[in-house]
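Listing of data-v5.txt; format and content: compact mmCIF, C-alpha atoms (C1' of nucleotides).
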```
# COMPACT_ATOMS: atom_id res chain seq x y z
CA MET A 19 -41.65 -16.51 27.36
CA ASP A 20 -39.33 -15.63 30.17
CA ALA A 21 -36.73 -18.04 28.90
CA LEU A 22 -36.90 -16.41 25.51
CA ARG A 23 -36.41 -12.97 26.94
CA HIS A 24 -33.52 -14.27 28.98
CA ASP A 25 -31.91 -15.67 25.83
CA ASP A 26 -32.36 -12.33 24.16
CA VAL A 27 -30.65 -10.48 26.98
CA ARG A 28 -27.87 -13.00 26.93
CA HIS A 29 -27.43 -12.64 23.20
CA ARG A 30 -27.20 -8.87 23.47
CA ALA A 31 -24.64 -9.17 26.23
CA ARG A 32 -22.53 -11.50 24.13
CA ARG A 33 -22.80 -9.21 21.15
CA ARG A 34 -21.73 -6.28 23.29
CA PHE A 35 -18.77 -8.27 24.57
CA LEU A 36 -17.66 -9.00 21.01
CA GLU A 37 -17.93 -5.34 20.19
CA GLN A 38 -15.84 -4.40 23.21
CA VAL A 39 -13.08 -6.79 22.24
CA GLY A 40 -13.27 -5.31 18.76
CA LEU A 41 -12.78 -1.83 20.16
CA ALA A 42 -9.89 -3.01 22.32
CA PHE A 43 -8.23 -4.33 19.18
CA GLU A 44 -8.85 -1.09 17.37
CA SER A 45 -7.25 0.80 20.23
CA VAL A 46 -3.99 -1.00 19.57
CA HIS A 47 -4.14 -0.52 15.83
CA LEU A 48 -5.51 -3.91 14.85
CA PRO A 49 -8.62 -4.44 12.75
CA ARG A 50 -11.82 -4.42 14.75
CA MET A 51 -13.13 -7.52 13.03
CA ALA A 52 -10.14 -9.54 14.23
CA GLY A 53 -11.06 -8.54 17.79
CA ARG A 54 -14.63 -9.66 17.30
CA VAL A 55 -13.42 -13.00 15.98
CA LEU A 56 -11.16 -13.43 18.97
CA GLY A 57 -14.06 -12.57 21.26
CA ALA A 58 -16.26 -15.17 19.60
CA LEU A 59 -13.53 -17.78 20.04
CA LEU A 60 -13.12 -16.84 23.70
CA LEU A 61 -16.84 -17.37 24.26
CA GLY A 62 -17.09 -20.41 22.01
CA PRO A 63 -16.66 -24.12 22.64
CA THR A 64 -13.29 -25.56 23.55
CA ASP A 65 -12.52 -27.15 20.21
CA GLY A 66 -12.98 -23.89 18.37
CA LEU A 67 -15.22 -22.59 15.64
CA THR A 68 -15.16 -22.98 11.87
CA ALA A 69 -14.94 -20.05 9.50
CA GLY A 70 -18.56 -20.69 8.54
CA GLU A 71 -19.71 -20.55 12.12
CA LEU A 72 -17.81 -17.32 12.58
CA THR A 73 -19.36 -15.68 9.54
CA GLU A 74 -22.78 -16.57 10.86
CA ALA A 75 -22.10 -15.57 14.45
CA LEU A 76 -20.67 -12.20 13.45
CA GLY A 77 -22.69 -11.48 10.35
CA ALA A 78 -19.51 -10.69 8.45
CA SER A 79 -18.30 -11.67 5.01
CA LYS A 80 -16.23 -14.78 4.43
CA GLY A 81 -13.39 -12.67 3.17
CA SER A 82 -13.30 -10.60 6.29
CA ILE A 83 -13.32 -13.69 8.50
CA SER A 84 -10.57 -15.25 6.44
CA SER A 85 -8.23 -12.30 6.79
CA SER A 86 -9.05 -11.96 10.48
CA THR A 87 -8.28 -15.58 11.29
CA ARG A 88 -5.06 -15.34 9.34
CA LEU A 89 -4.06 -12.26 11.30
CA LEU A 90 -4.90 -13.89 14.63
CA GLU A 91 -2.93 -16.94 13.62
CA HIS A 92 0.01 -14.79 12.59
CA TYR A 93 0.00 -12.93 15.89
CA GLY A 94 -0.15 -16.23 17.76
CA PHE A 95 -3.58 -15.68 19.29
CA VAL A 96 -5.18 -18.73 17.74
CA ASP A 97 -4.32 -22.14 16.38
CA ARG A 98 -5.83 -23.65 13.30
CA VAL A 99 -6.85 -27.20 14.08
CA VAL A 100 -8.60 -29.89 12.09
CA LEU A 101 -10.75 -32.48 13.78
CA PRO A 102 -10.58 -36.03 12.37
CA ALA A 103 -13.27 -36.87 9.85
CA ASP A 104 -13.96 -33.20 9.22
CA ARG A 105 -12.24 -31.24 6.54
CA ARG A 106 -13.22 -27.86 7.87
CA ASP A 107 -10.62 -25.77 9.63
CA ARG A 108 -11.38 -24.90 13.22
CA PHE A 109 -9.89 -21.94 15.00
CA ALA A 110 -9.20 -22.14 18.71
CA ILE A 111 -7.52 -19.97 21.31
CA ARG A 112 -3.87 -20.88 21.71
CA PRO A 113 -3.05 -21.54 25.36
CA GLY A 114 -0.54 -19.14 26.84
CA ALA A 115 -0.85 -16.81 23.90
CA TRP A 116 -1.38 -13.74 26.02
CA THR A 117 1.93 -13.81 27.72
CA ARG A 118 3.85 -13.96 24.49
CA VAL A 119 1.75 -11.27 22.86
CA LEU A 120 2.36 -8.92 25.75
CA ASP A 121 6.03 -9.77 25.68
CA GLU A 122 6.27 -8.88 22.01
CA ARG A 123 4.52 -5.61 22.69
CA PHE A 124 7.24 -4.73 25.14
CA SER A 125 9.94 -5.24 22.59
CA LEU A 126 8.79 -1.83 21.43
CA VAL A 127 10.27 -0.48 24.62
CA ARG A 128 13.76 -1.34 23.54
CA SER A 129 13.37 0.57 20.29
CA LEU A 130 12.18 3.63 22.17
CA ARG A 131 15.22 3.55 24.41
CA ASP A 132 17.45 3.37 21.35
CA LEU A 133 15.59 6.26 19.77
CA ALA A 134 16.21 8.44 22.82
CA GLU A 135 19.84 7.39 22.79
CA GLU A 136 20.16 8.50 19.20
CA GLY A 137 18.49 11.81 20.02
CA LEU A 138 21.07 12.49 22.69
CA THR A 139 23.85 12.39 20.10
CA LEU A 140 22.03 15.03 18.06
CA LEU A 141 21.78 17.69 20.73
CA ASP A 142 23.50 21.03 20.36
CA PRO A 143 26.26 21.54 22.94
CA GLY A 144 24.32 24.12 24.92
CA ASP A 145 21.06 22.18 25.07
CA ASP A 146 19.58 20.49 28.06
CA PRO A 147 20.00 16.72 27.79
CA ARG A 148 17.65 16.00 30.67
CA PRO A 149 14.37 15.54 28.81
CA LEU A 150 15.93 13.02 26.47
CA SER A 151 17.94 11.25 29.11
CA GLU A 152 14.81 10.89 31.21
CA VAL A 153 13.18 9.06 28.32
CA ARG A 154 16.25 6.92 27.79
CA ASP A 155 16.59 6.06 31.47
CA MET A 156 12.94 5.21 31.92
CA TYR A 157 12.76 2.85 28.99
CA GLU A 158 16.01 1.31 30.07
CA PHE A 159 14.56 0.73 33.50
CA LEU A 160 11.47 -0.91 32.03
CA ASP A 161 13.54 -3.00 29.71
CA ASP A 162 15.48 -4.30 32.71
CA ALA A 163 12.46 -4.86 34.91
CA TRP A 164 10.30 -6.58 32.35
CA PRO A 165 11.84 -10.05 32.17
CA GLU A 166 11.68 -10.41 35.93
CA LEU A 167 8.03 -9.38 35.94
CA LEU A 168 7.24 -11.84 33.20
CA ALA A 169 8.98 -14.63 35.05
CA ARG A 170 6.95 -13.90 38.14
CA TRP A 171 3.76 -14.15 36.11
CA GLU A 172 4.79 -17.42 34.49
CA GLN A 173 5.53 -18.83 37.91
CA ARG A 174 2.19 -17.74 39.24
CA ARG A 175 0.42 -19.22 36.25
CA ARG A 176 2.11 -22.55 36.86
CA ASP A 177 1.06 -22.41 40.50
CA MET A 178 -2.52 -21.69 39.56
CA GLN A 179 -2.63 -24.55 37.11
CA GLN A 180 -1.36 -26.96 39.73
CA GLU A 181 -4.13 -25.91 42.04
CA GLY A 182 -6.49 -26.80 39.22
CA GLY A 183 -7.86 -23.41 38.38
CA ARG A 184 -8.61 -20.50 40.58
CA PRO A 185 -8.46 -20.93 44.32
CA MET O 6 33.30 22.89 2.79
CA ASP O 7 33.78 20.10 5.21
CA ALA O 8 31.91 22.00 7.88
CA LEU O 9 29.05 22.49 5.47
CA ARG O 10 28.89 18.83 4.64
CA HIS O 11 28.97 18.03 8.32
CA ASP O 12 26.04 20.35 8.91
CA ASP O 13 24.19 18.63 6.13
CA VAL O 14 24.73 15.20 7.62
CA ARG O 15 23.68 16.50 10.98
CA HIS O 16 20.54 18.03 9.55
CA ARG O 17 19.56 14.79 7.86
CA ALA O 18 20.14 12.87 11.08
CA ARG O 19 17.91 15.27 12.98
CA ARG O 20 15.23 15.06 10.34
CA ARG O 21 15.37 11.28 10.50
CA PHE O 22 15.06 11.41 14.28
CA LEU O 23 11.94 13.56 13.99
CA GLU O 24 10.48 11.11 11.54
CA GLN O 25 11.19 8.20 13.88
CA VAL O 26 9.45 9.88 16.76
CA GLY O 27 6.58 10.57 14.39
CA LEU O 28 6.37 6.88 13.53
CA ALA O 29 6.53 5.92 17.20
CA PHE O 30 3.54 8.16 17.79
CA GLU O 31 1.70 6.66 14.88
CA SER O 32 2.32 3.20 16.28
CA VAL O 33 0.32 4.13 19.37
CA HIS O 34 -2.47 5.74 17.42
CA LEU O 35 -1.44 9.36 17.77
CA PRO O 36 -0.96 11.73 14.85
CA ARG O 37 2.47 11.55 13.31
CA MET O 38 2.84 15.31 13.24
CA ALA O 39 2.47 15.50 17.02
CA GLY O 40 5.38 13.08 17.31
CA ARG O 41 7.52 15.21 15.03
CA VAL O 42 6.72 18.28 17.11
CA LEU O 43 7.67 16.44 20.27
CA GLY O 44 10.90 15.34 18.62
CA ALA O 45 11.73 18.91 17.66
CA LEU O 46 11.12 20.04 21.23
CA LEU O 47 13.32 17.25 22.58
CA LEU O 48 16.15 18.38 20.34
CA GLY O 49 15.48 22.09 20.79
CA PRO O 50 16.71 24.65 23.29
CA THR O 51 15.74 24.41 26.95
CA ASP O 52 13.23 27.23 26.94
CA GLY O 53 11.25 25.69 24.14
CA LEU O 54 10.23 26.69 20.64
CA THR O 55 7.52 28.97 19.31
CA ALA O 56 4.82 27.78 16.97
CA GLY O 57 6.46 29.79 14.21
CA GLU O 58 9.79 28.09 14.76
CA LEU O 59 8.08 24.74 14.68
CA THR O 60 6.30 25.42 11.40
CA GLU O 61 9.61 26.39 9.87
CA ALA O 62 11.59 23.51 11.36
CA LEU O 63 9.03 20.93 10.24
CA GLY O 64 7.75 22.54 7.07
CA ALA O 65 4.19 22.02 8.23
CA SER O 66 1.16 24.29 8.23
CA LYS O 67 0.34 26.54 11.16
CA GLY O 68 -2.93 24.71 11.66
CA SER O 69 -1.22 21.39 11.92
CA ILE O 70 1.28 22.73 14.44
CA SER O 71 -1.49 24.29 16.45
CA SER O 72 -3.47 21.10 16.79
CA SER O 73 -0.31 19.11 17.54
CA THR O 74 0.82 21.41 20.34
CA ARG O 75 -2.66 21.36 21.80
CA LEU O 76 -2.68 17.57 21.76
CA LEU O 77 0.76 17.37 23.36
CA GLU O 78 -0.36 19.82 26.00
CA HIS O 79 -3.50 17.83 26.65
CA TYR O 80 -1.55 14.60 27.04
CA GLY O 81 0.83 16.35 29.43
CA PHE O 82 3.90 16.03 27.23
CA VAL O 83 4.58 19.74 26.99
CA ASP O 84 3.99 22.98 28.84
CA ARG O 85 3.06 26.22 27.22
CA VAL O 86 5.25 28.96 28.64
CA VAL O 87 5.59 32.66 27.91
CA LEU O 88 8.84 34.49 28.36
CA PRO O 89 8.67 38.05 29.71
CA ALA O 90 8.63 40.80 27.10
CA ASP O 91 7.60 38.30 24.43
CA ARG O 92 4.03 37.66 23.57
CA ARG O 93 4.70 34.49 21.64
CA ASP O 94 3.86 31.16 23.25
CA ARG O 95 6.73 28.78 23.70
CA PHE O 96 6.31 25.03 23.99
CA ALA O 97 8.70 23.07 26.17
CA ILE O 98 8.99 19.49 27.38
CA ARG O 99 7.31 19.03 30.73
CA PRO O 100 9.69 17.42 33.23
CA GLY O 101 8.57 14.03 34.46
CA ALA O 102 5.93 13.79 31.78
CA TRP O 103 6.97 10.35 30.65
CA THR O 104 6.18 8.59 33.86
CA ARG O 105 2.67 9.91 33.98
CA VAL O 106 2.02 9.20 30.33
CA LEU O 107 3.11 5.61 30.75
CA ASP O 108 1.03 5.32 33.86
CA GLU O 109 -2.06 6.49 32.04
CA ARG O 110 -1.40 4.00 29.30
CA PHE O 111 -1.51 1.24 31.86
CA SER O 112 -4.95 2.24 33.02
CA LEU O 113 -6.01 0.41 29.87
CA VAL O 114 -4.93 -2.76 31.62
CA ARG O 115 -7.67 -2.45 34.19
CA SER O 116 -10.34 -2.18 31.52
CA LEU O 117 -9.03 -5.31 29.82
CA ARG O 118 -9.22 -7.24 33.05
CA ASP O 119 -12.81 -6.12 33.50
CA LEU O 120 -13.62 -7.11 29.96
CA ALA O 121 -12.34 -10.64 30.55
CA GLU O 122 -14.29 -10.76 33.79
CA GLU O 123 -17.45 -9.88 31.91
CA GLY O 124 -16.73 -12.51 29.29
CA LEU O 125 -16.50 -15.18 31.98
CA THR O 126 -20.10 -14.50 33.00
CA LEU O 127 -21.23 -15.09 29.42
CA LEU O 128 -19.81 -18.57 28.96
CA ASP O 129 -22.06 -21.53 28.35
CA PRO O 130 -21.97 -24.06 31.19
CA GLY O 131 -20.00 -26.65 29.24
CA ASP O 132 -17.38 -24.26 27.90
CA ASP O 133 -13.78 -24.03 28.93
CA PRO O 134 -13.21 -20.96 31.09
CA ARG O 135 -9.44 -21.24 30.95
CA PRO O 136 -8.69 -19.00 27.98
CA LEU O 137 -10.69 -16.17 29.47
CA SER O 138 -9.50 -16.66 33.01
CA GLU O 139 -5.93 -16.62 31.75
CA VAL O 140 -6.57 -13.18 30.30
CA ARG O 141 -8.24 -12.01 33.46
CA ASP O 142 -5.52 -13.34 35.73
CA MET O 143 -2.72 -11.90 33.68
CA TYR O 144 -4.12 -8.41 33.54
CA GLU O 145 -4.92 -8.62 37.21
CA PHE O 146 -1.33 -9.56 37.89
CA LEU O 147 -0.06 -6.63 35.87
CA ASP O 148 -2.48 -4.28 37.53
CA ASP O 149 -1.13 -5.36 40.90
CA ALA O 150 2.52 -5.23 39.92
CA TRP O 151 2.44 -1.91 38.13
CA PRO O 152 2.30 0.54 41.05
CA GLU O 153 5.28 -1.09 42.70
CA LEU O 154 7.25 -0.94 39.47
CA LEU O 155 6.40 2.70 39.02
CA ALA O 156 7.45 3.50 42.57
CA ARG O 157 10.79 1.84 41.99
CA TRP O 158 11.33 3.98 38.91
CA GLU O 159 10.39 7.19 40.71
CA GLN O 160 12.85 6.31 43.45
CA ARG O 161 15.59 5.64 40.97
CA ARG O 162 14.89 8.90 39.18
CA ARG O 163 15.21 10.79 42.43
CA ASP O 164 18.50 9.03 43.14
CA MET O 165 19.84 9.93 39.73
CA GLN O 166 18.88 13.56 40.12
CA GLN O 167 20.68 13.79 43.43
CA GLU O 168 23.80 12.46 41.83
CA GLY O 169 23.40 15.26 39.29
CA GLY O 170 22.82 13.24 36.18
CA ARG O 171 23.92 9.84 35.11
CA PRO O 172 26.52 7.98 37.11
C1' DT K 4 -15.45 -36.47 -14.17
C1' DG K 5 -18.99 -33.42 -12.41
C1' DG K 6 -20.71 -31.30 -8.34
C1' DC K 7 -20.31 -29.44 -3.79
C1' DA K 8 -18.52 -27.34 0.25
C1' DC K 9 -14.64 -24.70 1.96
C1' DG K 10 -11.55 -21.29 2.10
C1' DT K 11 -8.73 -17.48 -0.24
C1' DT K 12 -7.92 -13.56 -3.14
C1' DC K 13 -8.79 -9.21 -5.06
C1' DA K 14 -10.93 -5.17 -7.07
C1' DG K 15 -14.16 -1.77 -5.44
C1' DT K 16 -16.63 0.95 -1.89
C1' DC K 17 -16.75 3.53 2.03
C1' DT K 18 -15.29 5.50 6.33
C1' DT K 19 -11.94 7.67 9.06
C1' DG K 20 -8.85 11.09 10.10
C1' DA K 21 -4.53 13.79 9.20
C1' DC K 22 -3.07 17.76 6.98
C1' DT K 23 -3.58 22.07 4.36
C1' DG K 24 -4.69 26.81 3.61
C1' DA K 25 -7.51 30.50 4.10
C1' DA K 26 -10.47 33.08 6.98
C1' DC K 27 -10.84 34.56 11.63
C1' DA K 28 -9.97 36.54 16.46
C1' DG K 29 -6.95 38.66 20.08
C1' DC K 30 -3.37 41.84 21.39
C1' DG K 31 0.01 45.54 21.51
C1' DC K 32 2.15 49.31 19.25
C1' DG K 33 2.32 53.06 15.87
C1' DC J 29 -8.08 53.55 15.37
C1' DG J 30 -5.73 50.45 12.10
C1' DC J 31 -1.77 47.71 11.18
C1' DG J 32 1.24 43.66 12.10
C1' DC J 33 2.09 39.67 14.46
C1' DT J 34 0.23 36.05 17.18
C1' DG J 35 -2.31 31.62 17.33
C1' DT J 36 -6.99 29.14 16.36
C1' DT J 37 -10.74 27.31 13.68
C1' DC J 38 -12.82 25.08 9.94
C1' DA J 39 -14.19 23.43 5.39
C1' DG J 40 -11.94 20.78 1.87
C1' DT J 41 -8.58 17.44 0.05
C1' DC J 42 -6.32 13.38 0.22
C1' DA J 43 -4.54 8.85 1.57
C1' DA J 44 -4.92 4.61 4.31
C1' DG J 45 -7.15 0.69 5.20
C1' DA J 46 -11.26 -2.14 6.77
C1' DC J 47 -14.89 -4.58 4.90
C1' DT J 48 -17.72 -6.51 1.13
C1' DG J 49 -18.91 -9.64 -2.49
C1' DA J 50 -17.90 -12.06 -6.37
C1' DA J 51 -14.64 -14.75 -8.79
C1' DC J 52 -11.33 -18.12 -8.13
C1' DG J 53 -8.70 -22.41 -6.38
C1' DT J 54 -8.86 -26.93 -3.99
C1' DG J 55 -10.01 -31.28 -2.35
C1' DC J 56 -13.65 -34.71 -1.35
C1' DC J 57 -17.56 -37.59 -2.56
C1' DA J 58 -20.82 -39.50 -5.85
```
Do you think you could lay out the structure here as C-alpha cells?
Amino acid sequence: MDALRHDDVRHRARRRFLEQVGLAFESVHLPRMAGRVLGALLLGPTDGLTAGELTEALGASKGSISSSTRLLEHYGFVDRVVLPADRRDRFAIRPGAWTRVLDERFSLVRSLRDLAEEGLTLLDPGDDPRPLSEVRDMYEFLDDAWPELLARWEQRRRDMQQEGGRP
Amino acid sequence: MDALRHDDVRHRARRRFLEQVGLAFESVHLPRMAGRVLGALLLGPTDGLTAGELTEALGASKGSISSSTRLLEHYGFVDRVVLPADRRDRFAIRPGAWTRVLDERFSLVRSLRDLAEEGLTLLDPGDDPRPLSEVRDMYEFLDDAWPELLARWEQRRRDMQQEGGRP
DNA sequence: TGGCACGTTCAGTCTTGACTGAACAGCGCG
DNA sequence: CGCGCTGTTCAGTCAAGACTGAACGTGCCA
C-alpha cells in the first residue's frame, strides 16, 4: 500500500513539473502544450518518447502533440530520431540545445539597440536625448558582453563534461 | 510645400517608431498600447506628456491610456509628476529604469534553475540526467554571472555621465 | 490489394485579454 | 453649489490563438 501511495505522490510531482514547464513556456509566448511535451521528454528515457507515448502521458490530442513536437523541433529543442526496426518517430532532447536557444533570444537585444538608435534620429531639437541614449547604450553594452559570457559558459560546460558530470 | 512634405515623412517615421516599440512590448508579453505610450514618452518633451496629449498623439481611448500609464508606472518605466499650477498628471521616463527592468527580468532565471533542480529529483534511476543538469548548470551560471555584468554596466553608465554624454 | 498503425492537417470551439466607450468620482473655480 | 476638466473603472466587443477531434495521407505487413 505504501508503495502505491508513494507512486501516486511521485506521479503528482511529475505532473506538476510538466505544468510548471508549460507555464514557463507560456511566459515567453510559446504554447503551453509544447512546454509540457518538453518537460515529459526531459523526464523520459534517454532514447526519447513516441508521439503516442506523449499523447498518453499528457492526455492531449494527437494533433496537439504533433504541432508541439514540430515547434520544439523547429526551435532546436528536440531531435526526431528513428530507432532501427521501429517505424515510429521518437523525440529526444537535443544536447546543447539550451545554449543556442538562449543565444537566439539575445539576438533580440540587437534589434532593441537599433530601435533606440532610430528613435534618437526622431527627436525634436530641444528634447532630452538621455532616456533614449540610455536604452541604446545599455543594449549596446549587453550586445558586446554577451559573446564573451557565452564563451565562458561553453568552456565551463566542456570542463564539466571532461570531469564526467558534476563534481 | 517641401517643409510640409518633410513634416509628413517625419510624422510617419515617428508613428512607425511607436508601432515598433509596441511590437517589442508585445514580444515580451506586455500590451502593445503600453509600448506605444512608452515610445511617445521617449520621443516627447523632457517634462513628460499628459494623458490627454497621449490620447491625441496615439488616437487611443482614455481608458486604454489610463491602464497603460498605470502599467508603465507599476513596472517602473515612468514616473507620474505634477507641475506646479497645473492639476494634470504628466508621465515622464524614469531615469535608470532600464537597468532595473532588465534586472527583474533576470530573476526569472533563478526560477528556471530551481525548476530544473526539481526535475532532477523526479528522474527514474536509469534515466539520463544530463539534459536536465545542463539546464540547471546553465541557469546557475547565468545567475552567478549576472550581478557582475550589471555592476559593470552601472559603472560604465556613471563614467559616461561624468563625461557629460557620449564620448 | 486490403488492413493497420502512425502521423499530419484543418475546420471548429473555447478561452484569454486588449481595447473601447460610457458612466463615474475627485477637484478647483465661477 | 454646480460646472468643467481631470483621470479611473467597468461591462461589452472583438481578435488571436491554443487545443480538440475527425478526416486525411502514408508506408508496412499479411
Any chance you could tabulate, as a Markdown table, the residues of chain A at most 12 Å from chain J with each one's nearest atom pair and distance in Å to one decimal, using all atoms listed in the file, in chain and rising number order?
```
| residue | atom | partner | partner_atom | distance |
| --- | --- | --- | --- | --- |
| A:Glu44 | CA | J:DA46 | C1' | 10.9 |
| A:His47 | CA | J:DG45 | C1' | 11.1 |
| A:Leu48 | CA | J:DA46 | C1' | 10.1 |
| A:Pro49 | CA | J:DA46 | C1' | 6.9 |
| A:Arg50 | CA | J:DA46 | C1' | 8.3 |
| A:Met51 | CA | J:DA46 | C1' | 8.5 |
| A:Ala52 | CA | J:DA46 | C1' | 10.6 |
| A:Gly77 | CA | J:DT48 | C1' | 11.6 |
| A:Ala78 | CA | J:DC47 | C1' | 8.4 |
| A:Ser79 | CA | J:DT48 | C1' | 6.5 |
| A:Lys80 | CA | J:DG49 | C1' | 9.0 |
| A:Gly81 | CA | J:DT48 | C1' | 7.8 |
| A:Ser82 | CA | J:DC47 | C1' | 6.4 |
| A:Ile83 | CA | J:DC47 | C1' | 9.9 |
| A:Ser84 | CA | J:DC47 | C1' | 11.6 |
| A:Ser85 | CA | J:DC47 | C1' | 10.4 |
| A:Ser86 | CA | J:DA46 | C1' | 10.7 |
| A:Ala103 | CA | J:DC56 | C1' | 11.4 |
| A:Asp104 | CA | J:DC56 | C1' | 10.7 |
| A:Arg105 | CA | J:DC56 | C1' | 8.7 |
| A:Arg106 | CA | J:DG55 | C1' | 11.2 |
```
Check your understanding: Within 10 Å of A:Val96, counting only C-alpha atoms (C1' of nucleotides), which residues qualify if same-chain residues fewer than 2 places away don't, as a PyMOL selection string?
Key -> chain A and resi 56+59+66+87-94+98-99+108-113+115
Per-residue nearest contacts of chain K to chain A (8 Å; all atoms listed in the file) as CSV:
```
residue,atom,partner,partner_atom,distance
K:DC9,C1',A:Arg106,CA,6.9
K:DG10,C1',A:Ser84,CA,7.5
K:DT11,C1',A:Ser84,CA,7.3
```
I need the chain A residues near chain O as an mmCIF file with C-alpha atoms, in the coordinates of the input; criterion: at most 8 Å, counting all atoms listed in the file.
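This went into iface19.cif:
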```
data_model
loop_
_atom_site.group_PDB
_atom_site.id
_atom_site.type_symbol
_atom_site.label_atom_id
_atom_site.label_comp_id
_atom_site.auth_asym_id
_atom_site.auth_seq_id
_atom_site.Cartn_x
_atom_site.Cartn_y
_atom_site.Cartn_z
ATOM 1 C CA ARG A 28 -27.870 -13.000 26.930
ATOM 2 C CA ALA A 31 -24.640 -9.170 26.230
ATOM 3 C CA ARG A 32 -22.530 -11.500 24.130
ATOM 4 C CA PHE A 35 -18.770 -8.270 24.570
ATOM 5 C CA GLN A 38 -15.840 -4.400 23.210
ATOM 6 C CA VAL A 39 -13.080 -6.790 22.240
ATOM 7 C CA ALA A 42 -9.890 -3.010 22.320
ATOM 8 C CA SER A 45 -7.250 0.800 20.230
ATOM 9 C CA VAL A 46 -3.990 -1.000 19.570
ATOM 10 C CA HIS A 47 -4.140 -0.520 15.830
ATOM 11 C CA LEU A 60 -13.120 -16.840 23.700
ATOM 12 C CA LEU A 61 -16.840 -17.370 24.260
ATOM 13 C CA GLY A 62 -17.090 -20.410 22.010
ATOM 14 C CA PRO A 63 -16.660 -24.120 22.640
ATOM 15 C CA THR A 64 -13.290 -25.560 23.550
ATOM 16 C CA ILE A 111 -7.520 -19.970 21.310
ATOM 17 C CA PRO A 113 -3.050 -21.540 25.360
ATOM 18 C CA GLY A 114 -0.540 -19.140 26.840
ATOM 19 C CA TRP A 116 -1.380 -13.740 26.020
ATOM 20 C CA THR A 117 1.930 -13.810 27.720
ATOM 21 C CA LEU A 130 12.180 3.630 22.170
ATOM 22 C CA LEU A 133 15.590 6.260 19.770
ATOM 23 C CA GLU A 136 20.160 8.500 19.200
ATOM 24 C CA GLY A 137 18.490 11.810 20.020
ATOM 25 C CA LEU A 140 22.030 15.030 18.060
ATOM 26 C CA LEU A 141 21.780 17.690 20.730
ATOM 27 C CA ASP A 142 23.500 21.030 20.360
ATOM 28 C CA GLY A 144 24.320 24.120 24.920
ATOM 29 C CA ASP A 145 21.060 22.180 25.070
ATOM 30 C CA ASP A 146 19.580 20.490 28.060
ATOM 31 C CA PRO A 149 14.370 15.540 28.810
ATOM 32 C CA LEU A 150 15.930 13.020 26.470
ATOM 33 C CA GLU A 152 14.810 10.890 31.210
ATOM 34 C CA VAL A 153 13.180 9.060 28.320
ATOM 35 C CA MET A 156 12.940 5.210 31.920
ATOM 36 C CA PHE A 159 14.560 0.730 33.500
ATOM 37 C CA ALA A 163 12.460 -4.860 34.910
ATOM 38 C CA LEU A 167 8.030 -9.380 35.940
ATOM 39 C CA TRP A 171 3.760 -14.150 36.110
ATOM 40 C CA GLY A 183 -7.860 -23.410 38.380
#
```
Exercise for review: Kindly give the distance, in Å, that separates atom CA of O:Arg41 and atom CA of O:Gly27, rounded to a single decimal.
Suggested key: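 Interatomic distance here is 4.8 Å.
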Point to revise | atom CA of O:Arg110 to atom CA of O:Glu145, straight-line distance in Å | key: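 Atom-to-atom, atom CA of O:Glu145 to atom CA of O:Arg110, that is 15.3 Å.
Counting from atom CA of A:Asp162, the distance to atom CA of A:Arg128 is 9.8 Å.
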